[in-house]
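The data block below is work-v6.tsv; it holds TSV, C-alpha atoms.
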chain	number	residue	atom	x	y	z
A	1	MET	CA	88.19	83.36	107.04
A	2	LYS	CA	91.40	84.75	105.62
A	3	ILE	CA	94.61	83.20	106.82
A	4	PRO	CA	93.86	83.82	110.39
A	5	ALA	CA	94.48	87.79	106.47
A	6	ILE	CA	102.39	93.48	100.49
A	7	LEU	CA	106.17	97.17	98.54
A	8	ALA	CA	108.98	98.59	96.72
A	9	GLY	CA	108.19	98.49	93.03
A	10	SER	CA	104.55	97.50	93.44
A	11	ALA	CA	103.27	100.71	91.92
A	12	VAL	CA	104.70	99.56	88.60
A	13	LEU	CA	102.83	96.28	88.85
A	14	LEU	CA	99.30	97.34	89.62
A	15	VAL	CA	97.33	100.47	88.88
A	16	ALA	CA	95.63	102.00	91.92
A	17	ALA	CA	92.10	103.30	91.87
A	18	ALA	CA	91.41	107.00	91.73
A	19	CYS	CA	94.53	108.72	93.01
A	20	GLY	CA	94.60	109.07	95.29
A	21	THR	CA	93.20	91.25	126.89
A	22	HIS	CA	96.20	91.67	125.57
A	23	SER	CA	99.66	91.72	126.91
A	24	ASP	CA	101.82	92.30	123.88
A	25	PRO	CA	103.43	95.71	124.43
A	26	VAL	CA	102.41	97.28	121.13
A	27	SER	CA	100.86	100.65	120.47
A	28	SER	CA	97.33	101.48	121.57
A	29	ASP	CA	94.42	100.04	119.61
A	30	ASP	CA	93.46	103.49	118.41
A	31	ASN	CA	96.95	104.54	117.36
A	32	THR	CA	97.61	104.97	113.68
A	33	THR	CA	100.57	106.45	111.90
A	34	ARG	CA	99.99	110.18	111.45
A	35	PRO	CA	102.34	112.60	109.69
A	36	ALA	CA	104.03	115.29	111.74
A	37	PRO	CA	103.08	118.89	110.93
A	38	GLY	CA	104.69	120.02	107.72
A	39	THR	CA	105.51	116.53	106.48
A	40	SER	CA	104.03	114.44	103.68
A	41	SER	CA	100.60	112.93	104.34
A	42	ALA	CA	101.69	109.66	102.73
A	43	THR	CA	102.06	106.70	105.08
A	44	PRO	CA	105.42	104.89	105.31
A	45	GLY	CA	103.96	102.09	103.22
A	46	GLU	CA	102.84	104.46	100.47
A	47	ARG	CA	106.26	106.12	100.40
A	48	ARG	CA	107.79	102.67	99.87
A	49	GLY	CA	105.37	101.84	97.04
A	50	LEU	CA	102.63	100.04	98.98
A	51	PRO	CA	99.17	100.96	97.60
A	52	ALA	CA	96.87	102.07	100.42
A	53	THR	CA	93.79	102.10	98.19
A	54	PRO	CA	92.08	99.14	96.48
A	55	LEU	CA	93.27	98.26	92.99
A	56	THR	CA	91.31	98.42	89.77
A	57	ARG	CA	93.60	96.66	87.31
A	58	VAL	CA	96.05	93.79	87.70
A	59	ASP	CA	99.09	93.06	85.53
A	60	PRO	CA	99.39	89.24	85.42
A	61	THR	CA	103.04	89.45	84.33
A	62	ALA	CA	103.87	91.03	87.70
A	63	PHE	CA	103.14	87.81	89.59
A	64	VAL	CA	105.14	84.64	90.16
A	65	THR	CA	104.17	81.02	90.66
A	66	GLY	CA	103.64	80.04	94.29
A	67	VAL	CA	103.87	81.99	97.55
A	68	ASP	CA	107.09	81.86	99.60
A	69	ASN	CA	106.92	85.11	101.58
A	70	PRO	CA	108.72	84.26	104.86
A	71	PHE	CA	105.85	85.53	107.02
A	72	LEU	CA	103.09	83.93	104.94
A	73	PRO	CA	104.55	80.86	103.21
A	74	LEU	CA	101.95	78.83	101.33
A	75	GLU	CA	103.65	75.55	100.50
A	76	PRO	CA	101.15	73.03	99.08
A	77	GLY	CA	100.46	70.28	101.60
A	78	THR	CA	100.99	72.46	104.68
A	79	VAL	CA	98.22	72.19	107.29
A	80	TRP	CA	97.64	74.59	110.20
A	81	THR	CA	95.21	73.75	113.01
A	82	PHE	CA	93.84	76.60	115.12
A	83	ARG	CA	91.58	76.82	118.18
A	84	SER	CA	89.17	79.76	118.24
A	85	SER	CA	87.77	80.82	121.62
A	86	SER	CA	85.02	83.30	122.51
A	87	PRO	CA	82.63	83.69	125.45
A	88	ASP	CA	79.99	81.79	123.44
A	89	GLU	CA	81.90	78.87	121.95
A	90	GLU	CA	85.13	77.20	120.99
A	91	THR	CA	85.76	76.06	117.44
A	92	ARG	CA	88.47	74.33	115.46
A	93	ILE	CA	89.89	75.79	112.25
A	94	VAL	CA	91.92	73.70	109.82
A	95	THR	CA	93.73	75.59	107.06
A	96	THR	CA	95.25	73.58	104.21
A	97	VAL	CA	97.34	74.79	101.29
A	98	THR	CA	96.06	72.70	98.41
A	99	ASP	CA	97.94	71.69	95.27
A	100	ARG	CA	95.22	73.38	93.23
A	101	SER	CA	95.39	76.75	91.52
A	102	ARG	CA	92.78	79.19	90.26
A	103	VAL	CA	93.27	81.87	87.63
A	104	VAL	CA	91.79	85.20	88.73
A	105	GLN	CA	92.15	88.24	86.44
A	106	GLY	CA	94.87	86.37	84.58
A	107	VAL	CA	96.86	85.63	87.75
A	108	ARG	CA	97.41	82.02	88.82
A	109	CYS	CA	96.55	81.91	92.52
A	110	VAL	CA	97.34	79.39	95.23
A	111	VAL	CA	94.13	77.84	96.61
A	112	VAL	CA	93.87	77.59	100.41
A	113	HIS	CA	91.05	75.66	102.08
A	114	ASP	CA	89.71	76.75	105.50
A	115	VAL	CA	87.21	74.67	107.45
A	116	GLU	CA	85.82	75.91	110.77
A	117	SER	CA	83.88	73.40	112.84
A	118	THR	CA	82.61	72.81	116.34
A	119	LEU	CA	84.70	70.64	118.63
A	120	ASP	CA	82.16	67.89	117.85
A	121	GLY	CA	82.94	68.13	114.15
A	122	GLU	CA	79.93	70.08	112.84
A	123	VAL	CA	81.08	72.30	109.96
A	124	LEU	CA	80.26	75.97	110.51
A	125	GLU	CA	82.12	77.55	107.61
A	126	ASP	CA	83.87	76.17	104.53
A	127	THR	CA	86.04	78.60	102.56
A	128	TRP	CA	88.34	78.52	99.53
A	129	ASP	CA	90.79	81.46	99.48
A	130	TRP	CA	92.95	82.64	96.56
A	131	TYR	CA	96.41	84.14	97.07
A	132	ALA	CA	99.23	85.20	94.75
A	133	GLN	CA	102.69	86.72	95.20
A	134	ASP	CA	104.13	89.50	93.09
A	135	VAL	CA	107.70	89.69	91.81
A	136	ASP	CA	108.72	91.78	94.83
A	137	GLY	CA	107.47	89.18	97.31
A	138	ASN	CA	104.24	90.88	98.41
A	139	VAL	CA	101.28	88.54	98.99
A	140	TRP	CA	97.92	89.53	97.50
A	141	TYR	CA	94.43	88.32	98.33
A	142	PHE	CA	92.27	87.77	95.23
A	143	GLY	CA	89.04	86.58	96.82
A	144	GLU	CA	87.21	83.76	98.51
A	145	ASP	CA	84.34	81.35	97.98
A	146	THR	CA	82.82	80.89	101.42
A	147	THR	CA	79.80	78.97	102.68
A	148	ALA	CA	78.48	79.40	106.22
A	149	TYR	CA	76.13	76.85	107.78
A	150	GLU	CA	73.62	77.53	110.53
A	151	ASP	CA	70.39	75.82	111.62
A	152	GLY	CA	70.22	73.70	108.49
A	153	THR	CA	70.68	76.60	106.08
A	154	SER	CA	73.70	77.87	104.17
A	155	SER	CA	74.86	81.32	103.09
A	156	LYS	CA	77.44	82.53	100.56
A	157	GLU	CA	77.58	86.00	102.12
A	158	GLY	CA	81.12	87.34	102.14
A	159	SER	CA	82.19	85.58	98.94
A	160	TRP	CA	83.96	87.76	96.38
A	161	GLU	CA	86.38	87.57	93.46
A	162	THR	CA	88.71	90.22	92.09
A	163	GLY	CA	87.28	91.72	88.90
A	164	VAL	CA	83.70	90.61	89.60
A	165	ASP	CA	81.09	93.21	90.56
A	166	GLY	CA	83.74	95.81	91.34
A	167	ALA	CA	85.73	93.64	93.77
A	168	GLN	CA	89.45	94.45	93.98
A	169	ALA	CA	92.53	92.58	95.17
A	170	GLY	CA	94.33	93.63	98.33
A	171	ILE	CA	97.54	92.99	100.23
A	172	VAL	CA	97.78	90.56	103.15
A	173	MET	CA	101.53	90.52	103.80
A	174	PRO	CA	104.26	92.88	102.60
A	175	ALA	CA	107.49	91.49	101.25
A	176	ASP	CA	109.36	93.52	103.86
A	177	PRO	CA	106.89	94.53	106.59
A	178	GLN	CA	107.84	97.69	108.47
A	179	PRO	CA	106.09	99.50	111.35
A	180	GLY	CA	103.62	102.04	109.99
A	181	ASP	CA	102.88	100.19	106.76
A	182	GLU	CA	99.16	100.47	105.97
A	183	TYR	CA	97.37	98.61	103.19
A	184	ALA	CA	93.96	97.58	101.86
A	185	GLN	CA	93.60	93.81	102.29
A	186	GLU	CA	90.47	93.36	100.20
A	187	PHE	CA	87.64	95.37	98.71
A	188	TYR	CA	84.14	94.32	97.81
A	189	ALA	CA	81.83	97.20	98.66
A	190	GLY	CA	79.65	96.48	101.65
A	191	GLU	CA	80.96	92.91	102.00
A	192	ALA	CA	84.74	92.87	102.42
A	193	GLU	CA	86.71	96.03	103.18
A	194	ASP	CA	89.46	94.92	105.57
A	195	ARG	CA	92.56	97.04	106.15
A	196	GLY	CA	95.87	96.22	107.82
A	197	GLN	CA	98.64	98.14	109.55
A	198	VAL	CA	102.01	96.80	110.69
A	199	LEU	CA	102.54	97.74	114.35
A	200	ARG	CA	105.92	96.13	114.95
A	201	VAL	CA	108.30	93.48	113.66
A	202	ASP	CA	109.81	92.44	117.00
A	203	GLY	CA	106.61	91.39	118.76
A	204	ARG	CA	106.03	88.71	121.38
A	205	HIS	CA	102.94	87.15	122.90
A	206	PRO	CA	102.70	85.10	126.12
A	207	GLN	CA	100.68	82.40	124.35
A	208	VAL	CA	103.17	82.05	121.50
A	209	PRO	CA	106.31	79.96	122.18
A	210	ALA	CA	109.49	82.06	122.28
A	211	THR	CA	111.05	79.58	119.86
A	212	TYR	CA	109.07	81.26	117.07
A	213	GLY	CA	111.28	84.32	117.51
A	214	ALA	CA	110.31	87.91	116.77
A	215	LEU	CA	106.77	88.26	115.44
A	216	VAL	CA	105.29	90.65	112.90
A	217	VAL	CA	102.27	92.23	114.61
A	218	THR	CA	99.43	93.78	112.59
A	219	ARG	CA	96.30	95.74	113.43
A	220	ASP	CA	93.30	94.77	111.29
A	221	THR	CA	90.17	96.90	110.92
A	222	THR	CA	87.19	97.37	108.62
A	223	PRO	CA	84.91	100.38	108.08
A	224	LEU	CA	82.02	97.90	107.96
A	225	GLU	CA	82.53	97.24	111.69
A	226	PRO	CA	84.25	100.40	112.96
A	227	LYS	CA	84.21	99.30	116.59
A	228	LEU	CA	86.08	96.07	115.84
A	229	VAL	CA	89.89	95.90	116.06
A	230	GLU	CA	91.89	92.70	115.65
A	231	ARG	CA	95.56	92.02	116.18
A	232	LYS	CA	97.47	89.27	114.35
A	233	TYR	CA	100.89	87.77	115.01
A	234	TYR	CA	103.01	86.22	112.24
A	235	ALA	CA	106.12	84.06	112.73
A	236	ARG	CA	108.87	83.67	110.16
A	237	GLY	CA	108.58	80.40	108.29
A	238	VAL	CA	105.14	79.66	109.77
A	239	GLY	CA	102.61	82.42	109.10
A	240	VAL	CA	99.82	83.32	111.52
A	241	VAL	CA	100.42	81.97	115.03
A	242	HIS	CA	97.90	84.01	117.04
A	243	GLU	CA	94.96	86.38	116.57
A	244	GLU	CA	92.92	88.31	119.10
A	245	THR	CA	90.14	90.86	119.16
A	246	VAL	CA	91.39	93.86	121.12
A	247	ARG	CA	88.28	96.01	120.75
A	248	GLY	CA	84.66	95.17	119.98
A	249	GLY	CA	84.80	91.54	121.06
A	250	ARG	CA	86.59	88.88	123.08
A	251	GLU	CA	87.64	86.28	120.52
A	252	SER	CA	91.10	84.77	120.21
A	253	VAL	CA	92.56	82.28	117.75
A	254	ARG	CA	95.73	80.36	118.60
A	255	LEU	CA	97.84	78.02	116.54
A	256	VAL	CA	97.66	74.47	117.90
A	257	SER	CA	99.85	72.74	115.34
A	258	VAL	CA	101.37	73.12	111.91
A	259	ARG	CA	102.22	70.18	109.67
A	260	PRO	CA	104.57	71.01	106.81
A	261	ASN	CA	104.41	69.33	103.44
A	262	SER	CA	105.83	65.87	104.16
A	263	SER	CA	107.57	65.75	100.79
A	264	THR	CA	109.79	68.77	101.52

Please express the file's structure as structure tokens.
Amino acid sequence: MKIPAILAGSAVLLVAAACGTHSDPVSSDDNTTRPAPGTSSATPGERRGLPATPLTRVDPTAFVTGVDNPFLPLEPGTVWTFRSSSPDEETRIVTTVTDRSRVVQGVRCVVVHDVESTLDGEVLEDTWDWYAQDVDGNVWYFGEDTTAYEDGTSSKEGSWETGVDGAQAGIVMPADPQPGDEYAQEFYAGEAEDRGQVLRVDGRHPQVPATYGALVVTRDTTPLEPKLVERKYYARGVGVVHEETVRGGRESVRLVSVRPNSST
């Protein structure tokens, strides 16, 4: 699972491929940003330099060491614990920013470890995610190595790496998220094709403490499951604090605790 998963100047850094329920009062699940008649068809994100299509080539010199985006900070040693609830089961998800790095397409990525397990401790999914931040502060997703366990068997389905078998990096958090921003989060044909859209930057949620302040709210979709729509809430200085399926399911994921790096 991606965490919970970037503007100006990014077009110089990466070369895009062929040219071209729920009580938070945000826009309808089916609403997307559409241009008014006679205006440019580019989304607000594209006009600000945010690539809306997957990327085919990465410039390693355009990336920095570490990830300190205020809405997706990845400080090594930080641990988030989440509780996932659905009509069928409840699970526990522990997300840890490791002190390891992995070089993908010449970019040194932060390695994040996600473990989803039953409340009894049986591991259901074990995933290593790779993130990097560009010089503008946008956070990019470079792939994942995931293993799912069920009935004594394991599966690597959903694993992908930028530059391998046509897979391409995507954006998971803009440096300066603004309503209407749309972006490809990942692309591995037929396996991982998630997209994100910023709905608002002043969001609230009844299950998220008000002390977290205004939340960035995103709408996440994928053409691989067109009936599925998810909404994610990000707090400044914390990252993801809540997720929920608003169409095509009844799952929610809430932040139970976050433990910062004890050395900072």

Shell around A:Tyr212 at 10 Å using only C-alpha atoms, local window under 6 positions removed, as a list in words: Arg204, Tyr234, Ala235, Arg236, Gly237, Val238 and Val241 of chain A

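For the choices A:Gly190, A:Pro179, A:Gly158, A:Gly249, the atom-to-atom distance to A:Val217 is smallest for A:Pro179 when using only C-alpha atoms.
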
Best match for closeness to A:Trp80 among A:Glu150, A:Asp220, A:Glu191, A:Glu116, counting only C-alpha atoms: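 Closest to A:Trp80, using only C-alpha atoms: A:Glu116.
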
Residue contacts of A:Gly66 (8 Å, all atoms listed in the file) excluding same-chain residues fewer than 2 positions away, as a PyMOL selection string: chain A and resi 64+68+74-75+109-110+132-133

So that I have them on file, write out the residues from the current selection with C-alpha atoms, as a CSV table (one decimal), in the coordinates of the input.
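Final output, out27.csv:
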chain,number,residue,atom,x,y,z
A,64,VAL,CA,105.1,84.6,90.2
A,68,ASP,CA,107.1,81.9,99.6
A,74,LEU,CA,102.0,78.8,101.3
A,75,GLU,CA,103.6,75.6,100.5
A,109,CYS,CA,96.6,81.9,92.5
A,110,VAL,CA,97.3,79.4,95.2
A,132,ALA,CA,99.2,85.2,94.8
A,133,GLN,CA,102.7,86.7,95.2

Closest of A:Ser252, A:Ser85, A:Thr78, A:Gln207 to A:Thr98 - atom-to-atom distances counting all atoms listed in the file: A:Thr78

Answer as a ChimeraX atom specification, residues within 9 Å of (90.4, 87.4, 89.4) using only C-alpha atoms: /A:58,102-109,130,142-143,161-164,167-169

Which polymer residues, whether protein, DNA or RNA, lie within 8 Å of the coordinate (88.6, 92.5, 114.4) when you count all atoms listed in the file? List them as a CSV table (one decimal) with C-alpha atoms, in the frame of the given file, using the chain letters and numbers from the file.
chain,number,residue,atom,x,y,z
A,220,ASP,CA,93.3,94.8,111.3
A,221,THR,CA,90.2,96.9,110.9
A,222,THR,CA,87.2,97.4,108.6
A,228,LEU,CA,86.1,96.1,115.8
A,229,VAL,CA,89.9,95.9,116.1
A,230,GLU,CA,91.9,92.7,115.6
A,231,ARG,CA,95.6,92.0,116.2
A,244,GLU,CA,92.9,88.3,119.1
A,245,THR,CA,90.1,90.9,119.2
A,246,VAL,CA,91.4,93.9,121.1
A,247,ARG,CA,88.3,96.0,120.8
A,248,GLY,CA,84.7,95.2,120.0
A,249,GLY,CA,84.8,91.5,121.1
